[in-house]
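Heads up, input-v8.pdb below (PDB, N, CA and C atoms):
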```
ATOM      1  N   MET A   1     -30.521 -23.361  30.451
ATOM      2  CA  MET A   1     -30.901 -24.109  29.258
ATOM      3  C   MET A   1     -31.023 -23.152  28.071
ATOM      4  N   ILE A   2     -30.675 -23.648  26.946
ATOM      5  CA  ILE A   2     -30.769 -22.886  25.706
ATOM      6  C   ILE A   2     -32.068 -23.304  25.015
ATOM      7  N   PRO A   3     -32.778 -22.361  24.385
ATOM      8  CA  PRO A   3     -34.007 -22.742  23.673
ATOM      9  C   PRO A   3     -33.732 -23.893  22.714
ATOM     10  N   GLY A   4     -34.634 -24.832  22.694
ATOM     11  CA  GLY A   4     -34.463 -25.995  21.833
ATOM     12  C   GLY A   4     -33.915 -27.171  22.619
ATOM     13  N   GLY A   5     -33.626 -27.001  23.911
ATOM     14  CA  GLY A   5     -33.230 -28.120  24.753
ATOM     15  C   GLY A   5     -31.742 -28.360  24.853
ATOM     16  N   GLY A   6     -30.899 -27.636  24.125
ATOM     17  CA  GLY A   6     -29.455 -27.874  24.178
ATOM     18  C   GLY A   6     -28.824 -27.225  25.392
ATOM     19  N   GLN A   7     -27.666 -27.682  25.767
ATOM     20  CA  GLN A   7     -26.902 -27.104  26.870
ATOM     21  C   GLN A   7     -25.926 -26.073  26.295
ATOM     22  N   PRO A   8     -25.626 -25.031  27.056
ATOM     23  CA  PRO A   8     -24.654 -24.059  26.559
ATOM     24  C   PRO A   8     -23.275 -24.711  26.443
ATOM     25  N   ASN A   9     -22.539 -24.304  25.436
ATOM     26  CA  ASN A   9     -21.189 -24.801  25.243
ATOM     27  C   ASN A   9     -20.287 -24.057  26.220
ATOM     28  N   MET A  10     -19.924 -24.735  27.315
ATOM     29  CA  MET A  10     -19.166 -24.077  28.378
ATOM     30  C   MET A  10     -17.793 -23.596  27.894
ATOM     31  N   GLN A  11     -17.168 -24.364  27.028
ATOM     32  CA  GLN A  11     -15.864 -23.947  26.502
ATOM     33  C   GLN A  11     -15.995 -22.652  25.720
ATOM     34  N   GLN A  12     -17.042 -22.560  24.928
ATOM     35  CA  GLN A  12     -17.266 -21.354  24.134
ATOM     36  C   GLN A  12     -17.567 -20.156  25.048
ATOM     37  N   LEU A  13     -18.377 -20.377  26.091
ATOM     38  CA  LEU A  13     -18.676 -19.304  27.034
ATOM     39  C   LEU A  13     -17.416 -18.841  27.743
ATOM     40  N   LEU A  14     -16.563 -19.777  28.118
ATOM     41  CA  LEU A  14     -15.309 -19.433  28.789
ATOM     42  C   LEU A  14     -14.408 -18.621  27.857
ATOM     43  N   GLN A  15     -14.326 -19.023  26.600
ATOM     44  CA  GLN A  15     -13.510 -18.287  25.632
ATOM     45  C   GLN A  15     -14.046 -16.869  25.432
ATOM     46  N   GLN A  16     -15.385 -16.724  25.367
ATOM     47  CA  GLN A  16     -15.985 -15.402  25.210
ATOM     48  C   GLN A  16     -15.684 -14.528  26.422
ATOM     49  N   ALA A  17     -15.781 -15.117  27.617
ATOM     50  CA  ALA A  17     -15.496 -14.366  28.840
ATOM     51  C   ALA A  17     -14.036 -13.930  28.875
ATOM     52  N   GLN A  18     -13.124 -14.801  28.478
ATOM     53  CA  GLN A  18     -11.705 -14.456  28.463
ATOM     54  C   GLN A  18     -11.430 -13.349  27.451
ATOM     55  N   GLN A  19     -12.077 -13.412  26.296
ATOM     56  CA  GLN A  19     -11.891 -12.378  25.275
ATOM     57  C   GLN A  19     -12.400 -11.031  25.779
ATOM     58  N   MET A  20     -13.559 -11.054  26.435
ATOM     59  CA  MET A  20     -14.106  -9.803  26.971
ATOM     60  C   MET A  20     -13.207  -9.246  28.063
ATOM     61  N   GLN A  21     -12.628 -10.119  28.874
ATOM     62  CA  GLN A  21     -11.718  -9.680  29.922
ATOM     63  C   GLN A  21     -10.482  -9.022  29.299
ATOM     64  N   GLN A  22      -9.970  -9.603  28.225
ATOM     65  CA  GLN A  22      -8.821  -9.017  27.534
ATOM     66  C   GLN A  22      -9.189  -7.662  26.926
ATOM     67  N   ASP A  23     -10.381  -7.602  26.319
ATOM     68  CA  ASP A  23     -10.842  -6.338  25.733
ATOM     69  C   ASP A  23     -10.985  -5.262  26.808
ATOM     70  N   LEU A  24     -11.504  -5.649  27.971
ATOM     71  CA  LEU A  24     -11.673  -4.710  29.071
ATOM     72  C   LEU A  24     -10.316  -4.205  29.564
ATOM     73  N   ALA A  25      -9.357  -5.099  29.713
ATOM     74  CA  ALA A  25      -8.012  -4.704  30.163
ATOM     75  C   ALA A  25      -7.366  -3.759  29.148
ATOM     76  N   ARG A  26      -7.542  -4.049  27.863
ATOM     77  CA  ARG A  26      -6.975  -3.190  26.815
ATOM     78  C   ARG A  26      -7.632  -1.805  26.856
ATOM     79  N   ALA A  27      -8.943  -1.766  27.044
ATOM     80  CA  ALA A  27      -9.654  -0.483  27.106
ATOM     81  C   ALA A  27      -9.196   0.320  28.330
ATOM     82  N   GLN A  28      -8.967  -0.349  29.457
ATOM     83  CA  GLN A  28      -8.499   0.348  30.655
ATOM     84  C   GLN A  28      -7.091   0.916  30.438
ATOM     85  N   GLU A  29      -6.243   0.184  29.737
ATOM     86  CA  GLU A  29      -4.904   0.690  29.417
ATOM     87  C   GLU A  29      -4.990   1.922  28.522
ATOM     88  N   GLU A  30      -5.897   1.878  27.543
ATOM     89  CA  GLU A  30      -6.076   3.021  26.654
ATOM     90  C   GLU A  30      -6.565   4.238  27.433
ATOM     91  N   LEU A  31      -7.482   4.014  28.377
ATOM     92  CA  LEU A  31      -7.981   5.118  29.191
ATOM     93  C   LEU A  31      -6.853   5.762  29.996
ATOM     94  N   ALA A  32      -5.996   4.937  30.574
ATOM     95  CA  ALA A  32      -4.898   5.457  31.389
ATOM     96  C   ALA A  32      -3.920   6.276  30.550
ATOM     97  N   ALA A  33      -3.836   5.986  29.262
ATOM     98  CA  ALA A  33      -2.892   6.683  28.384
ATOM     99  C   ALA A  33      -3.517   7.891  27.681
ATOM    100  N   THR A  34      -4.837   7.998  27.688
ATOM    101  CA  THR A  34      -5.520   9.077  26.984
ATOM    102  C   THR A  34      -5.728  10.258  27.919
ATOM    103  N   GLU A  35      -5.436  11.457  27.432
ATOM    104  CA  GLU A  35      -5.624  12.664  28.235
ATOM    105  C   GLU A  35      -6.799  13.457  27.701
ATOM    106  N   VAL A  36      -7.587  14.013  28.636
ATOM    107  CA  VAL A  36      -8.698  14.898  28.298
ATOM    108  C   VAL A  36      -8.543  16.174  29.107
ATOM    109  N   GLU A  37      -9.173  17.239  28.639
ATOM    110  CA  GLU A  37      -9.012  18.546  29.271
ATOM    111  C   GLU A  37     -10.357  19.083  29.724
ATOM    112  N   GLY A  38     -10.307  19.864  30.772
ATOM    113  CA  GLY A  38     -11.463  20.627  31.226
ATOM    114  C   GLY A  38     -10.988  22.038  31.507
ATOM    115  N   GLN A  39     -11.900  23.008  31.402
ATOM    116  CA  GLN A  39     -11.483  24.379  31.643
ATOM    117  C   GLN A  39     -12.567  25.137  32.380
ATOM    118  N   ALA A  40     -12.164  26.255  32.936
ATOM    119  CA  ALA A  40     -13.093  27.125  33.660
ATOM    120  C   ALA A  40     -12.674  28.568  33.442
ATOM    121  N   GLY A  41     -13.614  29.468  33.691
ATOM    122  CA  GLY A  41     -13.311  30.897  33.554
ATOM    123  C   GLY A  41     -12.990  31.287  32.138
ATOM    124  N   GLY A  42     -13.675  30.670  31.184
ATOM    125  CA  GLY A  42     -13.409  31.005  29.786
ATOM    126  C   GLY A  42     -12.015  30.631  29.339
ATOM    127  N   GLY A  43     -11.458  29.586  29.952
ATOM    128  CA  GLY A  43     -10.132  29.124  29.575
ATOM    129  C   GLY A  43      -9.009  29.689  30.438
ATOM    130  N   LEU A  44      -9.352  30.456  31.487
ATOM    131  CA  LEU A  44      -8.310  31.003  32.365
ATOM    132  C   LEU A  44      -7.596  29.897  33.133
ATOM    133  N   VAL A  45      -8.333  28.820  33.438
ATOM    134  CA  VAL A  45      -7.741  27.673  34.130
ATOM    135  C   VAL A  45      -8.092  26.426  33.327
ATOM    136  N   LYS A  46      -7.053  25.631  33.022
ATOM    137  CA  LYS A  46      -7.239  24.397  32.263
ATOM    138  C   LYS A  46      -6.611  23.244  33.040
ATOM    139  N   ALA A  47      -7.364  22.160  33.151
ATOM    140  CA  ALA A  47      -6.870  20.963  33.830
ATOM    141  C   ALA A  47      -6.837  19.824  32.825
ATOM    142  N   THR A  48      -5.803  19.009  32.913
ATOM    143  CA  THR A  48      -5.672  17.830  32.065
ATOM    144  C   THR A  48      -5.641  16.600  32.958
ATOM    145  N   VAL A  49      -6.506  15.631  32.646
ATOM    146  CA  VAL A  49      -6.539  14.366  33.382
ATOM    147  C   VAL A  49      -6.482  13.223  32.385
ATOM    148  N   THR A  50      -6.090  12.058  32.894
ATOM    149  CA  THR A  50      -6.142  10.868  32.046
ATOM    150  C   THR A  50      -7.581  10.378  31.996
ATOM    151  N   GLY A  51      -7.843   9.486  31.070
ATOM    152  CA  GLY A  51      -9.171   8.888  30.971
ATOM    153  C   GLY A  51      -9.562   8.126  32.214
ATOM    154  N   SER A  52      -8.586   7.751  33.026
ATOM    155  CA  SER A  52      -8.892   7.064  34.279
ATOM    156  C   SER A  52      -8.994   8.035  35.449
ATOM    157  N   GLY A  53      -8.854   9.351  35.190
ATOM    158  CA  GLY A  53      -9.093  10.361  36.210
ATOM    159  C   GLY A  53      -7.873  10.891  36.943
ATOM    160  N   GLU A  54      -6.672  10.550  36.501
ATOM    161  CA  GLU A  54      -5.460  11.043  37.161
ATOM    162  C   GLU A  54      -5.121  12.438  36.646
ATOM    163  N   LEU A  55      -4.976  13.391  37.576
ATOM    164  CA  LEU A  55      -4.631  14.760  37.209
ATOM    165  C   LEU A  55      -3.202  14.793  36.682
ATOM    166  N   ARG A  56      -3.029  15.279  35.452
ATOM    167  CA  ARG A  56      -1.704  15.312  34.825
ATOM    168  C   ARG A  56      -1.158  16.717  34.648
ATOM    169  N   GLY A  57      -2.043  17.705  34.555
ATOM    170  CA  GLY A  57      -1.547  19.052  34.332
ATOM    171  C   GLY A  57      -2.571  20.095  34.726
ATOM    172  N   LEU A  58      -2.062  21.271  35.054
ATOM    173  CA  LEU A  58      -2.911  22.394  35.421
ATOM    174  C   LEU A  58      -2.242  23.658  34.892
ATOM    175  N   VAL A  59      -2.963  24.413  34.077
ATOM    176  CA  VAL A  59      -2.441  25.650  33.504
ATOM    177  C   VAL A  59      -3.322  26.796  33.985
ATOM    178  N   ILE A  60      -2.675  27.798  34.569
ATOM    179  CA  ILE A  60      -3.403  28.959  35.092
ATOM    180  C   ILE A  60      -2.899  30.200  34.372
ATOM    181  N   ASP A  61      -3.802  30.861  33.683
ATOM    182  CA  ASP A  61      -3.473  32.105  33.004
ATOM    183  C   ASP A  61      -3.151  33.157  34.074
ATOM    184  N   PRO A  62      -2.089  33.933  33.894
ATOM    185  CA  PRO A  62      -1.737  34.961  34.887
ATOM    186  C   PRO A  62      -2.883  35.939  35.173
ATOM    187  N   LYS A  63      -3.782  36.134  34.210
ATOM    188  CA  LYS A  63      -4.917  37.039  34.433
ATOM    189  C   LYS A  63      -5.840  36.535  35.534
ATOM    190  N   ALA A  64      -5.782  35.227  35.812
ATOM    191  CA  ALA A  64      -6.652  34.648  36.836
ATOM    192  C   ALA A  64      -6.086  34.817  38.232
ATOM    193  N   VAL A  65      -4.846  35.304  38.329
ATOM    194  CA  VAL A  65      -4.184  35.400  39.627
ATOM    195  C   VAL A  65      -4.356  36.812  40.193
ATOM    196  N   ASP A  66      -5.118  36.886  41.277
ATOM    197  CA  ASP A  66      -5.314  38.145  42.000
ATOM    198  C   ASP A  66      -4.982  37.859  43.463
ATOM    199  N   PRO A  67      -3.851  38.371  43.957
ATOM    200  CA  PRO A  67      -3.457  38.094  45.342
ATOM    201  C   PRO A  67      -4.522  38.475  46.367
ATOM    202  N   GLU A  68      -5.404  39.383  45.994
ATOM    203  CA  GLU A  68      -6.466  39.813  46.910
ATOM    204  C   GLU A  68      -7.673  38.881  46.859
ATOM    205  N   ASP A  69      -7.719  38.005  45.862
ATOM    206  CA  ASP A  69      -8.900  37.140  45.704
ATOM    207  C   ASP A  69      -8.471  35.728  45.313
ATOM    208  N   THR A  70      -7.873  35.034  46.245
ATOM    209  CA  THR A  70      -7.450  33.655  45.958
ATOM    210  C   THR A  70      -8.630  32.687  45.920
ATOM    211  N   GLU A  71      -9.753  33.065  46.519
ATOM    212  CA  GLU A  71     -10.932  32.192  46.508
ATOM    213  C   GLU A  71     -11.436  31.949  45.089
ATOM    214  N   THR A  72     -11.487  32.992  44.293
ATOM    215  CA  THR A  72     -11.957  32.833  42.917
ATOM    216  C   THR A  72     -11.028  31.912  42.146
ATOM    217  N   LEU A  73      -9.732  32.070  42.315
ATOM    218  CA  LEU A  73      -8.776  31.195  41.646
ATOM    219  C   LEU A  73      -8.984  29.750  42.086
ATOM    220  N   ALA A  74      -9.154  29.546  43.378
ATOM    221  CA  ALA A  74      -9.391  28.183  43.887
ATOM    222  C   ALA A  74     -10.670  27.607  43.272
ATOM    223  N   ASP A  75     -11.713  28.406  43.182
ATOM    224  CA  ASP A  75     -12.972  27.942  42.576
ATOM    225  C   ASP A  75     -12.767  27.573  41.111
ATOM    226  N   LEU A  76     -11.979  28.378  40.389
ATOM    227  CA  LEU A  76     -11.707  28.086  38.982
ATOM    228  C   LEU A  76     -10.920  26.784  38.835
ATOM    229  N   VAL A  77      -9.963  26.558  39.716
ATOM    230  CA  VAL A  77      -9.177  25.319  39.673
ATOM    231  C   VAL A  77     -10.093  24.122  39.913
ATOM    232  N   VAL A  78     -10.917  24.201  40.943
ATOM    233  CA  VAL A  78     -11.838  23.106  41.244
ATOM    234  C   VAL A  78     -12.778  22.858  40.057
ATOM    235  N   ALA A  79     -13.309  23.926  39.475
ATOM    236  CA  ALA A  79     -14.228  23.787  38.339
ATOM    237  C   ALA A  79     -13.535  23.160  37.129
ATOM    238  N   ALA A  80     -12.298  23.560  36.870
ATOM    239  CA  ALA A  80     -11.569  23.003  35.723
ATOM    240  C   ALA A  80     -11.272  21.527  35.935
ATOM    241  N   VAL A  81     -10.866  21.153  37.143
ATOM    242  CA  VAL A  81     -10.582  19.740  37.431
ATOM    243  C   VAL A  81     -11.870  18.924  37.336
ATOM    244  N   LYS A  82     -12.962  19.474  37.846
ATOM    245  CA  LYS A  82     -14.251  18.772  37.752
ATOM    246  C   LYS A  82     -14.652  18.583  36.290
ATOM    247  N   ALA A  83     -14.498  19.614  35.486
ATOM    248  CA  ALA A  83     -14.845  19.510  34.067
ATOM    249  C   ALA A  83     -13.980  18.451  33.382
ATOM    250  N   ALA A  84     -12.704  18.423  33.703
ATOM    251  CA  ALA A  84     -11.818  17.415  33.112
ATOM    252  C   ALA A  84     -12.229  16.014  33.555
ATOM    253  N   ASN A  85     -12.567  15.854  34.840
ATOM    254  CA  ASN A  85     -13.008  14.547  35.327
ATOM    255  C   ASN A  85     -14.336  14.132  34.708
ATOM    256  N   ASP A  86     -15.236  15.084  34.483
ATOM    257  CA  ASP A  86     -16.489  14.778  33.798
ATOM    258  C   ASP A  86     -16.199  14.259  32.387
ATOM    259  N   ASN A  87     -15.248  14.898  31.709
ATOM    260  CA  ASN A  87     -14.866  14.448  30.362
ATOM    261  C   ASN A  87     -14.233  13.055  30.421
ATOM    262  N   ALA A  88     -13.450  12.784  31.457
ATOM    263  CA  ALA A  88     -12.834  11.467  31.625
ATOM    264  C   ALA A  88     -13.909  10.412  31.865
ATOM    265  N   GLN A  89     -14.926  10.750  32.650
ATOM    266  CA  GLN A  89     -16.002   9.794  32.912
ATOM    267  C   GLN A  89     -16.774   9.485  31.632
ATOM    268  N   GLN A  90     -16.989  10.500  30.814
ATOM    269  CA  GLN A  90     -17.673  10.266  29.545
ATOM    270  C   GLN A  90     -16.838   9.352  28.650
ATOM    271  N   LEU A  91     -15.530   9.577  28.644
ATOM    272  CA  LEU A  91     -14.636   8.723  27.872
ATOM    273  C   LEU A  91     -14.694   7.289  28.389
ATOM    274  N   GLN A  92     -14.742   7.123  29.713
ATOM    275  CA  GLN A  92     -14.861   5.785  30.298
ATOM    276  C   GLN A  92     -16.146   5.109  29.849
ATOM    277  N   GLN A  93     -17.249   5.850  29.867
ATOM    278  CA  GLN A  93     -18.530   5.291  29.415
ATOM    279  C   GLN A  93     -18.445   4.857  27.951
ATOM    280  N   ASP A  94     -17.826   5.699  27.142
ATOM    281  CA  ASP A  94     -17.711   5.393  25.720
ATOM    282  C   ASP A  94     -16.872   4.138  25.485
ATOM    283  N   LYS A  95     -15.778   3.995  26.254
ATOM    284  CA  LYS A  95     -14.870   2.863  26.061
ATOM    285  C   LYS A  95     -15.340   1.599  26.759
ATOM    286  N   LEU A  96     -15.818   1.736  27.995
ATOM    287  CA  LEU A  96     -16.118   0.566  28.808
ATOM    288  C   LEU A  96     -17.589   0.163  28.776
ATOM    289  N   GLY A  97     -18.461   1.095  28.451
ATOM    290  CA  GLY A  97     -19.891   0.792  28.442
ATOM    291  C   GLY A  97     -20.249  -0.412  27.591
ATOM    292  N   PRO A  98     -19.835  -0.447  26.335
ATOM    293  CA  PRO A  98     -20.167  -1.602  25.499
ATOM    294  C   PRO A  98     -19.595  -2.919  26.046
ATOM    295  N   LEU A  99     -18.417  -2.857  26.665
ATOM    296  CA  LEU A  99     -17.818  -4.075  27.216
ATOM    297  C   LEU A  99     -18.608  -4.567  28.414
ATOM    298  N   ALA A 100     -19.034  -3.645  29.271
ATOM    299  CA  ALA A 100     -19.812  -4.030  30.451
ATOM    300  C   ALA A 100     -21.153  -4.607  30.031
ATOM    301  N   GLN A 101     -21.758  -4.042  28.996
ATOM    302  CA  GLN A 101     -23.030  -4.569  28.504
ATOM    303  C   GLN A 101     -22.837  -5.971  27.954
ATOM    304  N   GLY A 102     -21.718  -6.217  27.288
ATOM    305  CA  GLY A 102     -21.440  -7.546  26.753
ATOM    306  C   GLY A 102     -21.286  -8.570  27.857
ATOM    307  N   LEU A 103     -20.625  -8.197  28.946
ATOM    308  CA  LEU A 103     -20.466  -9.113  30.064
ATOM    309  C   LEU A 103     -21.811  -9.396  30.716
ATOM    310  N   GLY A 104     -22.659  -8.388  30.800
ATOM    311  CA  GLY A 104     -23.965  -8.576  31.423
ATOM    312  C   GLY A 104     -24.870  -9.490  30.645
ATOM    313  N   GLY A 105     -24.616  -9.626  29.362
ATOM    314  CA  GLY A 105     -25.458 -10.477  28.532
ATOM    315  C   GLY A 105     -25.039 -11.926  28.502
ATOM    316  N   MET A 106     -23.949 -12.254  29.209
ATOM    317  CA  MET A 106     -23.469 -13.631  29.201
ATOM    318  C   MET A 106     -24.145 -14.424  30.312
ATOM    319  N   PRO A 107     -24.678 -15.595  30.005
ATOM    320  CA  PRO A 107     -25.310 -16.425  31.022
ATOM    321  C   PRO A 107     -24.326 -16.778  32.116
ATOM    322  N   GLY A 108     -24.766 -16.726  33.357
ATOM    323  CA  GLY A 108     -23.937 -17.135  34.481
ATOM    324  C   GLY A 108     -23.033 -16.048  35.012
ATOM    325  N   LEU A 109     -22.985 -14.896  34.361
ATOM    326  CA  LEU A 109     -22.158 -13.801  34.852
ATOM    327  C   LEU A 109     -23.088 -12.700  35.381
ATOM    328  N   GLY A 110     -23.020 -12.460  36.655
ATOM    329  CA  GLY A 110     -23.938 -11.502  37.277
ATOM    330  C   GLY A 110     -23.453 -10.078  37.253
ATOM    331  N   PHE A 111     -23.197  -9.518  36.096
ATOM    332  CA  PHE A 111     -22.778  -8.114  36.007
ATOM    333  C   PHE A 111     -23.976  -7.270  35.700
TER     334      PHE A 111
END
```
Would you kindly transcribe this structure into structure tokens?
Amino acid sequence: MIPGGGQPNMQQLLQQAQQMQQDLARAQEELAATEVEGQAGGGLVKATVTGSGELRGLVIDPKAVDPEDTETLADLVVAAVKAANDNAQQLQQDKLGPLAQGLGGMPGLGF
């Protein structure tokens, strides 16, 4: 029930839900097309991922390559990918957070 005794306009609620669904789909497409970077070792290793978390590129400075110490290189790669994914998650929050909050505020939608 709406304050004042009126019933919610179901057609209007449906239109709002459809618009939010379209906005969400558009934001997800933008995330998939947007690239963010993370780095480790002062920039010796750089990873590029999409806003949706897909690894797209990895650049390793030759100075980071020591045949006697591949563990450090592996750690730098993992750290750079993690940093890039953290940046992608922040981008997701920035893009999708407001949309998810909008869906949660709609009556009858349990988000």
Out of A:Gly43, A:Asp75, A:Ala33, A:Thr50, which residue has the shortest atom-to-atom distance to Pro62 of chain A when counting only C-alpha atoms?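 For Pro62 of chain A, the nearest of the candidates is A:Gly43.
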Could you work out an axis-aligned bounding box for all listed atoms of segment 14-29 of chain A, with 3 Å added on each of the six sides, and give its centre and edge lengths in Å to one decimal, as JSON?
```
{"center_x": -10.7, "center_y": -8.9, "center_z": 27.9, "size_x": 17.7, "size_y": 27.7, "size_z": 11.4}
```
Would you return as a list in words the members of segment 42-71 of chain A that DSSP assigns to strand (DSSP E or B) on this structure's backbone?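 Listing strand (DSSP E or B) positions across segment 42-71 of chain A yields Val45, Lys46, Ala47, Thr48, Val49, Thr50, Leu55, Arg56, Gly57, Leu58, Val59 and Ile60 of chain A.
Closest approach to Glu37 of chain A among A:Val49, A:Ala17, A:Leu73, A:Leu24 is made by A:Val49 (distances from only C-alpha atoms).
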For Leu31 of chain A, please output as a PyMOL selection string all residues within 8 Å (counting only C-alpha atoms; exclusion window: fewer than 6 positions along the same chain). chain A and resi 50-52+91-92+95
Provide the atom CA of Glu54 of chain A to atom CA of Leu96 of chain A distance in Å, to one decimal place. 17.1 Å
